[in-house]
file work_3.txt (compact mmCIF, C-alpha atoms and all ligand atoms)
# COMPACT_ATOMS: atom_id res chain seq x y z
CA MET A 167 -14.10 0.50 -16.52
CA ALA A 168 -11.77 0.53 -13.53
CA LEU A 169 -8.15 1.58 -13.97
CA MET A 170 -7.04 -1.56 -12.12
CA GLU A 171 -8.94 -4.50 -10.81
CA LEU A 172 -7.81 -7.50 -8.80
CA ARG A 173 -10.15 -10.48 -8.96
CA ASP A 174 -9.75 -13.19 -6.40
CA VAL A 175 -5.96 -12.83 -6.36
CA SER A 176 -3.85 -15.15 -4.20
CA MET A 177 -0.09 -15.51 -3.83
CA THR A 178 1.58 -18.46 -2.18
CA PHE A 179 5.35 -18.55 -1.66
CA GLU A 180 7.29 -21.74 -1.17
CA ILE A 181 9.98 -21.53 1.45
CA GLY A 182 12.58 -23.98 2.75
CA GLY A 183 12.70 -27.33 1.05
CA GLY A 184 16.41 -28.03 1.70
CA LEU A 185 17.90 -31.43 2.45
CA PHE A 186 16.60 -31.54 6.03
CA ALA A 187 13.94 -28.83 5.93
CA PRO A 188 10.55 -29.78 4.55
CA LYS A 189 8.93 -27.37 2.11
CA ARG A 190 6.59 -24.87 3.70
CA TYR A 191 4.16 -22.43 2.14
CA VAL A 192 3.22 -18.87 2.99
CA GLN A 193 -0.07 -17.59 1.67
CA ALA A 194 1.01 -13.96 1.46
CA VAL A 195 -2.21 -12.83 -0.25
CA VAL A 196 -5.49 -14.72 0.01
CA HIS A 197 -8.43 -14.15 -2.36
CA ALA A 198 -7.95 -10.39 -2.66
CA ASN A 199 -10.41 -8.27 -4.64
CA LEU A 200 -9.70 -4.61 -5.31
CA LEU A 201 -10.97 -1.87 -7.61
CA ILE A 202 -8.89 1.21 -8.30
CA ASP A 203 -10.40 3.96 -10.44
CA GLU A 204 -8.62 6.86 -12.14
CA GLY A 205 -7.51 9.35 -9.51
CA ASP A 206 -8.37 7.09 -6.54
CA ILE A 207 -6.42 6.99 -3.31
CA LEU A 208 -6.33 3.65 -1.52
CA ALA A 209 -4.49 3.12 1.76
CA LEU A 210 -3.39 -0.49 2.23
CA VAL A 211 -2.83 -0.99 5.94
CA GLY A 212 -1.72 -3.81 8.22
CA GLU A 213 1.05 -5.11 10.43
CA SER A 214 4.43 -6.32 9.22
CA GLY A 215 4.22 -9.49 7.13
CA CYS A 216 0.48 -9.23 6.36
CA GLY A 217 1.13 -9.13 2.59
CA LYS A 218 1.03 -5.42 1.73
CA THR A 219 4.22 -5.37 -0.33
CA THR A 220 3.30 -8.59 -2.10
CA LEU A 221 -0.08 -7.10 -3.06
CA GLY A 222 1.67 -3.89 -4.20
CA ARG A 223 4.08 -5.90 -6.36
CA ILE A 224 1.16 -7.81 -7.86
CA ILE A 225 -0.61 -4.53 -8.73
CA THR A 226 2.59 -3.27 -10.40
CA GLY A 227 3.13 -6.47 -12.39
CA LEU A 228 6.40 -7.26 -10.60
CA GLN A 229 4.90 -10.41 -9.14
CA LYS A 230 2.67 -12.82 -10.97
CA PRO A 231 0.03 -14.13 -8.55
CA THR A 232 -0.44 -17.85 -8.04
CA SER A 233 -4.10 -17.47 -8.97
CA GLY A 234 -6.65 -14.81 -9.83
CA GLU A 235 -6.76 -12.03 -12.38
CA VAL A 236 -5.04 -8.65 -12.47
CA LEU A 237 -6.76 -6.29 -14.91
CA PHE A 238 -5.45 -2.96 -16.20
CA ARG A 239 -8.19 -1.03 -18.01
CA GLY A 240 -10.17 -4.26 -18.26
CA LYS A 241 -7.37 -6.41 -19.69
CA ASN A 242 -5.63 -9.27 -17.89
CA ILE A 243 -2.02 -8.06 -17.63
CA TRP A 244 -0.67 -11.59 -17.89
CA LYS A 245 -2.44 -12.20 -21.21
CA ILE A 246 -1.73 -8.98 -23.10
CA SER A 247 0.85 -8.35 -25.82
CA ARG A 248 4.40 -7.23 -24.99
CA GLU A 249 3.63 -3.71 -26.14
CA GLU A 250 0.46 -3.54 -24.02
CA PHE A 251 2.42 -4.88 -21.03
CA ARG A 252 5.07 -2.18 -21.60
CA GLN A 253 2.36 0.49 -21.63
CA TYR A 254 0.83 -0.95 -18.45
CA ARG A 255 4.23 -1.02 -16.69
CA LEU A 256 4.74 2.63 -17.57
CA GLY A 257 1.22 3.44 -16.41
CA VAL A 258 1.67 1.79 -13.00
CA GLN A 259 4.80 2.83 -11.13
CA ILE A 260 6.11 1.78 -7.71
CA VAL A 261 7.99 3.84 -5.12
CA HIS A 262 9.75 2.01 -2.29
CA GLN A 263 10.71 3.15 1.17
CA ASP A 264 14.46 3.10 0.55
CA SER A 265 15.20 6.00 -1.80
CA PHE A 266 18.94 5.42 -1.50
CA ALA A 267 18.67 1.89 -2.87
CA ALA A 268 16.28 3.08 -5.59
CA LEU A 269 18.72 5.57 -7.12
CA ASN A 270 21.93 4.79 -8.96
CA PRO A 271 24.68 6.43 -6.88
CA VAL A 272 26.87 7.34 -9.86
CA ARG A 273 24.12 9.05 -11.85
CA THR A 274 23.40 12.76 -11.56
CA ILE A 275 19.80 13.69 -10.89
CA PHE A 276 19.50 14.78 -14.54
CA HIS A 277 20.75 11.40 -15.74
CA THR A 278 18.31 9.65 -13.38
CA LEU A 279 15.33 11.66 -14.61
CA SER A 280 16.19 11.92 -18.29
CA ALA A 281 16.99 8.24 -18.97
CA PRO A 282 13.41 6.90 -18.73
CA MET A 283 11.97 9.90 -20.60
CA LEU A 284 14.41 9.43 -23.48
CA ARG A 285 14.02 5.65 -23.51
CA HIS A 286 10.23 5.84 -23.74
CA GLY A 287 10.07 8.75 -26.18
CA ILE A 288 8.51 11.12 -23.64
CA ALA A 289 11.36 13.55 -24.37
CA LYS A 290 12.73 13.66 -27.92
CA ASN A 291 16.18 14.93 -27.10
CA ARG A 292 18.48 16.01 -24.27
CA GLN A 293 17.25 19.60 -24.34
CA GLU A 294 13.62 18.58 -24.02
CA ALA A 295 14.52 16.08 -21.29
CA TRP A 296 16.28 18.88 -19.42
CA GLU A 297 13.24 21.14 -19.58
CA LYS A 298 10.87 18.38 -18.52
CA ALA A 299 13.19 17.30 -15.68
CA ALA A 300 13.40 20.92 -14.48
CA ASP A 301 9.60 21.19 -14.52
CA LEU A 302 9.32 17.95 -12.59
CA LEU A 303 11.74 19.16 -9.92
CA ARG A 304 9.79 22.41 -9.56
CA THR A 305 6.60 20.38 -9.09
CA MET A 306 8.42 18.32 -6.44
CA GLY A 307 9.54 21.46 -4.62
CA LEU A 308 13.24 20.94 -5.44
CA THR A 309 14.28 24.42 -6.52
CA PRO A 310 16.11 25.91 -8.21
CA PRO A 311 16.17 22.80 -10.44
CA GLU A 312 19.55 23.62 -12.05
CA VAL A 313 21.26 23.08 -8.69
CA PHE A 314 19.92 19.55 -8.51
CA LEU A 315 20.03 18.46 -12.12
CA ASP A 316 23.70 18.53 -13.04
CA GLU A 317 25.49 19.03 -9.80
CA LYS A 318 23.88 16.63 -7.42
CA TYR A 319 24.24 12.92 -6.85
CA PRO A 320 21.87 10.93 -4.61
CA HIS A 321 24.26 10.90 -1.61
CA GLN A 322 24.33 14.72 -1.61
CA LEU A 323 20.59 14.91 -0.96
CA SER A 324 18.63 14.48 2.25
CA GLY A 325 16.30 11.49 2.59
CA GLY A 326 13.28 13.69 1.91
CA GLN A 327 14.88 15.23 -1.19
CA ARG A 328 15.89 11.79 -2.49
CA GLN A 329 12.36 10.51 -2.11
CA ARG A 330 11.14 13.55 -4.10
CA VAL A 331 13.57 12.61 -6.89
CA VAL A 332 12.25 9.03 -6.82
CA LEU A 333 8.70 10.40 -7.09
CA ALA A 334 9.81 12.71 -9.93
CA ARG A 335 11.25 9.74 -11.81
CA ALA A 336 7.99 7.81 -11.34
CA VAL A 337 5.94 10.81 -12.52
CA SER A 338 8.27 11.42 -15.51
CA VAL A 339 6.75 8.53 -17.46
CA GLN A 340 3.22 9.92 -16.98
CA PRO A 341 1.75 7.09 -14.88
CA ARG A 342 -1.93 6.74 -14.01
CA LEU A 343 -1.19 4.94 -10.73
CA ILE A 344 1.68 5.01 -8.25
CA VAL A 345 2.02 2.27 -5.66
CA ALA A 346 3.89 3.94 -2.80
CA ASP A 347 5.23 1.24 -0.46
CA GLU A 348 5.96 2.84 2.95
CA PRO A 349 7.31 5.91 1.10
CA VAL A 350 7.81 8.02 4.21
CA SER A 351 8.93 5.45 6.77
CA MET A 352 12.66 6.14 6.23
CA VAL A 353 12.21 9.90 6.03
CA ASP A 354 12.75 12.16 9.02
CA VAL A 355 9.49 12.42 11.00
CA SER A 356 9.38 16.20 10.55
CA LEU A 357 9.38 15.84 6.75
CA ARG A 358 6.79 13.07 6.41
CA LEU A 359 3.67 15.18 6.19
CA ALA A 360 5.27 17.40 3.52
CA LEU A 361 5.96 14.32 1.38
CA LEU A 362 2.40 13.08 1.85
CA ASP A 363 1.18 16.56 0.91
CA LEU A 364 3.27 16.34 -2.26
CA MET A 365 1.71 12.99 -3.17
CA ALA A 366 -1.74 14.50 -2.52
CA LYS A 367 -0.85 17.37 -4.86
CA LEU A 368 0.20 14.89 -7.59
CA ASN A 369 -3.12 13.15 -7.10
CA ARG A 370 -5.10 16.38 -7.25
CA GLU A 371 -3.28 18.15 -10.06
CA LEU A 372 -2.25 15.24 -12.30
CA ASN A 373 -5.09 12.90 -11.32
CA ILE A 374 -2.58 10.14 -10.56
CA ALA A 375 -4.15 7.38 -8.48
CA PHE A 376 -2.20 6.19 -5.42
CA VAL A 377 -2.03 2.96 -3.50
CA TYR A 378 -0.43 4.04 -0.24
CA ILE A 379 1.05 1.07 1.63
CA THR A 380 1.68 1.61 5.32
CA HIS A 381 1.60 0.00 8.74
CA ASP A 382 0.79 3.41 10.16
CA LEU A 383 -2.92 4.24 10.48
CA ALA A 384 -2.19 7.86 11.37
CA THR A 385 -0.51 8.63 8.03
CA ALA A 386 -3.12 6.56 6.18
CA ARG A 387 -5.81 8.71 7.77
CA TYR A 388 -3.91 11.85 6.80
CA PHE A 389 -3.16 10.93 3.19
CA ALA A 390 -6.27 8.98 2.21
CA GLN A 391 -8.87 11.06 4.06
CA LYS A 392 -10.94 11.38 0.88
CA GLY A 393 -10.03 7.94 -0.40
CA LYS A 394 -10.50 4.31 0.54
CA ILE A 395 -8.80 1.97 2.97
CA ALA A 396 -8.18 -1.77 2.85
CA VAL A 397 -7.02 -3.41 6.06
CA MET A 398 -5.05 -6.67 5.74
CA TYR A 399 -4.47 -9.39 8.28
CA LEU A 400 -2.29 -12.42 7.45
CA GLY A 401 -2.81 -12.07 3.71
CA GLN A 402 -6.52 -11.31 3.81
CA ILE A 403 -8.37 -8.04 3.32
CA VAL A 404 -10.58 -8.02 6.43
CA GLU A 405 -12.21 -4.59 6.14
CA THR A 406 -12.44 -2.03 3.36
CA GLY A 407 -14.41 1.01 2.26
CA PRO A 408 -14.30 4.82 2.27
CA LEU A 409 -11.59 5.69 4.80
CA GLY A 410 -13.64 8.18 6.83
CA LYS A 411 -16.57 5.78 7.20
CA VAL A 412 -14.38 2.78 8.04
CA LEU A 413 -12.23 4.53 10.64
CA ASN A 414 -15.17 6.28 12.27
CA ARG A 415 -17.06 3.02 12.57
CA PRO A 416 -14.58 0.13 12.41
CA ARG A 417 -16.43 -3.18 12.51
CA HIS A 418 -13.67 -5.79 12.34
CA PRO A 419 -12.20 -6.57 15.76
CA TYR A 420 -8.70 -6.45 14.25
CA LEU A 421 -9.16 -2.90 13.00
CA GLN A 422 -10.75 -1.95 16.31
CA ALA A 423 -7.66 -3.32 18.07
CA LEU A 424 -5.31 -1.50 15.68
CA LEU A 425 -7.13 1.76 16.34
CA THR A 426 -6.75 1.40 20.08
CA ALA A 427 -2.99 1.47 19.62
CA VAL A 428 -2.82 4.54 17.38
CA PRO A 429 -2.90 8.08 18.66
CA VAL A 430 -4.50 10.43 16.14
CA PRO A 431 -2.21 13.33 15.20
CA ASP A 432 -5.05 15.84 15.08
CA PRO A 433 -5.43 17.14 18.68
CA GLU A 434 -9.15 17.77 18.10
CA LEU A 435 -9.59 14.05 17.53
CA THR A 436 -7.07 12.74 20.00
CA ARG A 437 -8.39 9.53 21.45
CA LYS A 438 -7.28 7.92 24.63
CA HIS A 439 -6.69 4.23 24.64
CA PHE A 440 -9.75 2.05 24.42
CA GLU A 441 -8.98 -1.37 25.73
CA LEU A 442 -9.84 -4.22 23.40
CA PRO A 443 -8.20 -7.15 25.13
CA LEU A 444 -6.82 -9.50 22.52
CA ARG A 445 -6.53 -13.15 23.50
CA THR A 446 -2.85 -12.97 22.65
CA MET A 447 -0.48 -10.39 21.22
CA ASP A 448 1.36 -13.12 19.28
CA MET A 449 1.04 -13.16 15.53
CA PRO A 450 0.42 -16.72 14.25
CA ASP A 451 3.08 -18.45 12.16
CA PRO A 452 2.26 -17.43 8.57
CA THR A 453 3.26 -20.88 7.30
CA SER A 454 0.46 -22.47 9.35
CA PRO A 455 -2.24 -19.83 9.70
CA PRO A 456 -5.23 -20.58 11.94
CA PRO A 457 -8.12 -22.32 10.16
CA GLY A 458 -11.43 -20.51 9.69
CA CYS A 459 -11.00 -16.84 10.52
CA ARG A 460 -7.27 -16.19 10.60
CA PHE A 461 -7.81 -13.72 13.45
CA HIS A 462 -9.61 -16.14 15.75
CA THR A 463 -6.55 -16.96 17.86
CA ARG A 464 -6.44 -13.30 18.92
CA CYS A 465 -10.07 -12.22 18.66
CA PRO A 466 -11.87 -11.55 21.96
CA TYR A 467 -15.27 -12.21 20.36
CA TYR A 468 -14.59 -15.53 18.64
CA GLU A 469 -17.19 -18.32 18.61
CA PRO A 470 -16.94 -21.91 17.33
CA ILE A 471 -17.92 -20.97 13.74
CA CYS A 472 -14.84 -18.72 13.59
CA THR A 473 -12.51 -21.70 13.94
CA THR A 474 -13.99 -23.61 11.00
CA GLU A 475 -15.50 -21.23 8.43
CA VAL A 476 -13.48 -18.64 6.52
CA PRO A 477 -15.35 -15.31 6.68
CA VAL A 478 -15.65 -13.48 3.36
CA LEU A 479 -15.97 -9.74 2.82
CA LYS A 480 -19.63 -8.73 3.06
CA SER A 481 -21.12 -5.34 2.34
CA ILE A 482 -22.61 -3.49 5.30
CA GLY A 483 -23.64 -0.47 3.20
CA ASN A 484 -22.05 2.67 1.76
CA GLY A 485 -19.21 0.68 0.19
CA HIS A 486 -18.09 -0.56 3.63
CA LYS A 487 -17.21 -4.29 3.67
CA VAL A 488 -16.19 -6.51 6.55
CA ALA A 489 -15.02 -10.13 6.76
CA CYS A 490 -16.35 -11.27 10.13
CA HIS A 491 -19.00 -13.91 10.91
CA LEU A 492 -20.22 -11.97 13.93
CA GLU A 493 -20.15 -8.46 12.51
CA HIS A 494 -23.78 -7.94 13.56
CA LYS A 495 -22.85 -8.76 17.16
CA ILE A 496 -19.55 -6.91 17.50
CA PRO A 497 -20.02 -3.91 19.82
CA GLU A 498 -19.65 -0.47 18.31
CA TRP A 499 -16.12 0.75 18.76
CA GLN A 500 -15.99 3.70 21.10
CA PRO A 501 -12.89 5.61 21.96
CA LEU A 502 -12.54 5.68 25.75
CA ASP A 503 -12.83 9.46 26.01
CA ALA A 504 -16.20 9.37 24.28
CA GLU A 505 -17.50 7.04 26.98
CA VAL A 506 -16.70 9.25 29.95
N1 LIG B 601 9.79 -13.80 -2.09
C1 LIG B 601 9.27 -14.35 -1.01
N2 LIG B 601 9.54 -15.63 -0.69
C2 LIG B 601 8.99 -16.22 0.41
N3 LIG B 601 8.15 -15.59 1.26
C3 LIG B 601 7.86 -14.31 1.01
C4 LIG B 601 8.40 -13.62 -0.12
N4 LIG B 601 7.92 -12.34 -0.11
C5 LIG B 601 7.13 -12.25 0.97
N5 LIG B 601 7.09 -13.42 1.64
C6 LIG B 601 6.31 -13.70 2.85
O1 LIG B 601 4.98 -13.29 2.58
C7 LIG B 601 4.41 -12.66 3.72
C8 LIG B 601 3.99 -11.27 3.34
O2 LIG B 601 5.15 -10.48 3.10
P1 LIG B 601 5.09 -8.98 2.64
O3 LIG B 601 6.48 -8.50 2.45
O4 LIG B 601 4.18 -8.85 1.49
O5 LIG B 601 4.42 -8.26 3.91
P2 LIG B 601 4.33 -6.73 4.32
O6 LIG B 601 2.94 -6.52 4.82
O7 LIG B 601 4.79 -5.88 3.20
O8 LIG B 601 5.35 -6.61 5.54
P3 LIG B 601 6.22 -5.35 6.03
O9 LIG B 601 5.26 -4.40 6.71
O10 LIG B 601 7.20 -5.95 7.00
O11 LIG B 601 6.88 -4.74 4.83
C9 LIG B 601 5.46 -12.72 4.81
O12 LIG B 601 5.19 -13.83 5.63
C10 LIG B 601 6.74 -12.88 4.04
O13 LIG B 601 7.71 -13.54 4.81
S1 LIG B 602 -14.96 -14.03 12.35
FE1 LIG B 602 -14.94 -14.52 14.53
S2 LIG B 602 -12.76 -14.62 15.09
FE2 LIG B 602 -12.92 -13.59 13.13
S3 LIG B 602 -12.97 -11.44 13.63
FE3 LIG B 602 -15.10 -12.12 13.48
S4 LIG B 602 -15.66 -12.69 15.57
FE4 LIG B 602 -13.44 -12.53 15.51
MG MG B 603 6.32 -4.47 3.00
call {"tool": "encode", "arguments": {"input": "work_3.txt", "output": "structure tokens"}}
result
Amino acid sequence: MALMELRDVSMTFEIGGGLFAPKRYVQAVVHANLLIDEGDILALVGESGCGKTTLGRIITGLQKPTSGEVLFRGKNIWKISREEFRQYRLGVQIVHQDSFAALNPVRTIFHTLSAPMLRHGIAKNRQEAWEKAADLLRTMGLTPPEVFLDEKYPHQLSGGQRQRVVLARAVSVQPRLIVADEPVSMVDVSLRLALLDLMAKLNRELNIAFVYITHDLATARYFAQKGKIAVMYLGQIVETGPLGKVLNRPRHPYLQALLTAVPVPDPELTRKHFELPLRTMDMPDPTSPPPGCRFHTRCPYYEPICTTEVPVLKSIGNGHKVACHLEHKIPEWQPLDAEV
């Protein structure tokens, strides 16, 4: 049984609807299906506004989807008892990009870390909470822990240190899954890889599964190299599968276009730009998405069927799935330097 499963999940937001503004609707997530097993790493990738955060909030139970089922260990989270829901909410934690907003400025780091452990009976008393908090800080590379626990407040820490405290607080309640929503985007560039390495260590040593939400394919490739990727476009998962397989042989024109724009950090793999001329760089208005394939207004390969029929994710082998009517016709993606 999967740790988490999303079955045909959609989320529509209503916006506007004032005296002079008619109501409009944004389909932030459209018919999403996902499986997350114990210890999995899934990178959820796409441009701003494609629905990544909404999907992350649905996975964490912070947002009830308009339709579809969200299952934790096989049980629909919106139909379980209060106690089961409490257990699920402890088991699935979320970490946001803004560590400053996530931490209470008037709480010491000890107060921040001990409160959830005491509340949920993970530590029986203050002394035990102290020891567990110190262990957590050591795991997070914040040493010596005494310096941080009683003396420090969030504003006295660097962005990278604060994000480690936020991760420590998430880990303190012994979760099975952490949804990390752009966790490194507000951290100094030089510290990003170290934070991703820390999350990889938590995955390896504590077998905590991660959903890593990012608009940045380079960090997705780095963090989820042994995991899976799901690429979203305007609310829809358009390509998914084992990350290495998908990025080495991207089949959806949108992912091919995204890859042309991303330099790979590993110099061995550095790719020069491969031109995939999009019909337009403009993102459609999410309140009136294009009919049929939502990418057809930008896709260089589109044909009439693309404007009328919605493509669904289809398996092309080895766990790799693509939502494109013309997948069989789309040219293999070649980085430019491999062609010369
Ligand atoms: N509470 C809300 N009310 C109305 N619309 C919303 C709400 N939350 C999200 N949306 C809309 O849903 C769409 C998806 O938003 P979401 O924040 O999930 O995207 P995202 O991929 O996380 O973007 P970003 O990379 O900028 O964080 C957007 O069009 C957004 O404006
Ligand atoms: S379905 Fe058509 S428009 Fe959509 S990505 Fe495939 S070829 Fe392009
Ligand atoms: Mg977001």
call {"tool": "residues_near_point", "arguments": {"input": "work_3.txt", "point": "(-1.4, -1.8, -15.8)", "cutoff": "10 Å", "atoms": "only C-alpha atoms", "output": "count of residues only"}}
result
27
call {"tool": "residues_near_point", "arguments": {"input": "work_3.txt", "point": "(-7.9, -4.0, 15.3)", "cutoff": "10 Å", "atoms": "all atoms listed in the file", "output": "JSON, numbers by chain"}}
result
{"A": [212, 397, 399, 416, 417, 418, 419, 420, 421, 422, 423, 424, 425, 426, 427, 442, 444, 461, 465]}
call {"tool": "residues_near_ligand", "arguments": {"input": "work_3.txt", "ligand": "ligand LIG 602 (chain B)", "cutoff": "8 Å", "atoms": "all atoms listed in the file", "output": "VMD selection string"}}
result
chain A and resid 418 to 420 458 to 469 471 to 473 476 to 477 489 to 493 496
call {"tool": "atom_distance", "arguments": {"input": "work_3.txt", "atom1": "CA of Lys367 in chain A", "atom2": "CA of Arg304 in chain A"}}
result
12.7 Å
call {"tool": "atom_distance", "arguments": {"input": "work_3.txt", "atom1": "CA of Glu317 in chain A", "atom2": "CA of His277 in chain A"}}
result
10.8 Å
call {"tool": "residues_near_ligand", "arguments": {"input": "work_3.txt", "ligand": "ligand LIG 601 (chain B)", "cutoff": "10 Å", "atoms": "all atoms listed in the file", "output": "NGL selection string"}}
result
:A and (177-182 or 190-195 or 210-224 or 229 or 263 or 347-348 or 379-382 or 398-401 or 451-453)
call {"tool": "atom_distance", "arguments": {"input": "work_3.txt", "atom1": "CA of Asp174 in chain A", "atom2": "CA of Ala198 in chain A"}}
result
5.0 Å
call {"tool": "closest_residue", "arguments": {"input": "work_3.txt", "among": "A:Leu368, A:Val313, A:Ile288, A:Val345", "to": "ligand MG 603 (chain B)", "atoms": "only C-alpha atoms and all ligand atoms"}}
result
A:Val345
call {"tool": "axis_aligned_box", "arguments": {"input": "work_3.txt", "around": "range 242-258 of chain A", "padding_each_side": "5 Å", "output": "lines of an AutoDock Vina configuration file"}}
result
center_x = -0.3
center_y = -4.4
center_z = -19.6
size_x = 20.7
size_y = 25.6
size_z = 23.1
call {"tool": "residues_around", "arguments": {"input": "work_3.txt", "residues": "Ala375 in chain A", "least_positions_apart": "5", "cutoff": "7 Å", "atoms": "all atoms listed in the file", "output": "mmCIF file with C-alpha atoms, keeping the file's coordinate frame"}}
result
data_model
loop_
_atom_site.group_PDB
_atom_site.id
_atom_site.type_symbol
_atom_site.label_atom_id
_atom_site.label_comp_id
_atom_site.auth_asym_id
_atom_site.auth_seq_id
_atom_site.Cartn_x
_atom_site.Cartn_y
_atom_site.Cartn_z
ATOM 1 C CA GLU A 204 -8.620 6.860 -12.140
ATOM 2 C CA GLY A 205 -7.510 9.350 -9.510
ATOM 3 C CA ASP A 206 -8.370 7.090 -6.540
ATOM 4 C CA ILE A 207 -6.420 6.990 -3.310
ATOM 5 C CA ARG A 342 -1.930 6.740 -14.010
ATOM 6 C CA LEU A 343 -1.190 4.940 -10.730
ATOM 7 C CA ILE A 344 1.680 5.010 -8.250
ATOM 8 C CA ASN A 369 -3.120 13.150 -7.100
#
call {"tool": "residues_around", "arguments": {"input": "work_3.txt", "residues": "Leu479 in chain A", "least_positions_apart": "5", "cutoff": "8 Å", "atoms": "only C-alpha atoms", "output": "ChimeraX atom specification"}}
result
/A:403-405,487-490
call {"tool": "closest_residue", "arguments": {"input": "work_3.txt", "among": "A:Arg292, A:Arg330, A:Arg335, A:Arg248", "to": "Leu279 in chain A", "atoms": "all atoms listed in the file"}}
result
A:Arg335
call {"tool": "closest_residue", "arguments": {"input": "work_3.txt", "among": "A:Trp296, A:Tyr378, A:Tyr319, A:Phe276", "to": "ligand MG 603 (chain B)", "atoms": "only C-alpha atoms and all ligand atoms"}}
result
A:Tyr378
call {"tool": "closest_residue", "arguments": {"input": "work_3.txt", "among": "A:Asp301, A:Asp264, A:Glu371, A:Asp448", "to": "ligand MG 603 (chain B)", "atoms": "only C-alpha atoms and all ligand atoms"}}
result
A:Asp264
call {"tool": "residues_around", "arguments": {"input": "work_3.txt", "residues": "Ala268 in chain A", "least_positions_apart": "4", "cutoff": "12 Å", "atoms": "only C-alpha atoms", "output": "short mmCIF file (atom, residue, chain, number, x, y, z; two decimals) with C-alpha atoms, in the coordinates of the input"}}
result
data_model
loop_
_atom_site.label_atom_id
_atom_site.label_comp_id
_atom_site.auth_asym_id
_atom_site.auth_seq_id
_atom_site.Cartn_x
_atom_site.Cartn_y
_atom_site.Cartn_z
CA ILE A 260 6.11 1.78 -7.71
CA VAL A 261 7.99 3.84 -5.12
CA HIS A 262 9.75 2.01 -2.29
CA GLN A 263 10.71 3.15 1.17
CA ASP A 264 14.46 3.10 0.55
CA ARG A 273 24.12 9.05 -11.85
CA THR A 278 18.31 9.65 -13.38
CA PRO A 320 21.87 10.93 -4.61
CA HIS A 321 24.26 10.90 -1.61
CA GLY A 325 16.30 11.49 2.59
CA ARG A 328 15.89 11.79 -2.49
CA GLN A 329 12.36 10.51 -2.11
CA ARG A 330 11.14 13.55 -4.10
CA VAL A 331 13.57 12.61 -6.89
CA VAL A 332 12.25 9.03 -6.82
CA LEU A 333 8.70 10.40 -7.09
CA ARG A 335 11.25 9.74 -11.81
CA ALA A 336 7.99 7.81 -11.34
CA PRO A 349 7.31 5.91 1.10
#
call {"tool": "closest_residue", "arguments": {"input": "work_3.txt", "among": "A:Leu413, A:Ala267, A:Ala346, A:Leu361", "to": "ligand MG 603 (chain B)", "atoms": "only C-alpha atoms and all ligand atoms"}}
result
A:Ala346
call {"tool": "closest_residue", "arguments": {"input": "work_3.txt", "among": "A:Ser351, A:Ile395, A:Phe376, A:Lys480", "to": "ligand MG 603 (chain B)", "atoms": "all atoms listed in the file"}}
result
A:Ser351
call {"tool": "decode", "arguments": {"input": "work_3.txt", "residues": "range 288-314 of chain A", "atoms": "C-alpha atoms", "output": "short mmCIF file (atom, residue, chain, number, x, y, z; two decimals), in the first residue's frame"}}
result
data_model
loop_
_atom_site.label_atom_id
_atom_site.label_comp_id
_atom_site.auth_asym_id
_atom_site.auth_seq_id
_atom_site.Cartn_x
_atom_site.Cartn_y
_atom_site.Cartn_z
CA ILE A 288 6.90 12.59 21.64
CA ALA A 289 8.83 14.00 24.62
CA LYS A 290 7.44 13.33 28.11
CA ASN A 291 8.99 16.29 29.85
CA ARG A 292 11.20 19.35 29.36
CA GLN A 293 14.40 17.41 29.98
CA GLU A 294 13.57 14.81 27.36
CA ALA A 295 12.47 17.53 24.93
CA TRP A 296 15.83 19.24 25.47
CA GLU A 297 17.76 16.07 24.69
CA LYS A 298 15.68 15.31 21.61
CA ALA A 299 15.95 18.93 20.38
CA ALA A 300 19.73 18.81 20.85
CA ASP A 301 19.91 15.56 18.85
CA LEU A 302 17.79 17.10 16.11
CA LEU A 303 20.05 20.14 15.87
CA ARG A 304 23.12 17.90 15.64
CA THR A 305 21.44 15.99 12.80
CA MET A 306 20.73 19.33 11.10
CA GLY A 307 24.36 20.40 11.44
CA LEU A 308 23.59 23.19 13.94
CA THR A 309 26.30 22.65 16.53
CA PRO A 310 26.95 22.95 19.35
CA PRO A 311 23.19 22.66 19.99
CA GLU A 312 23.30 24.46 23.37
CA VAL A 313 24.25 27.69 21.60
CA PHE A 314 21.11 27.54 19.50
#
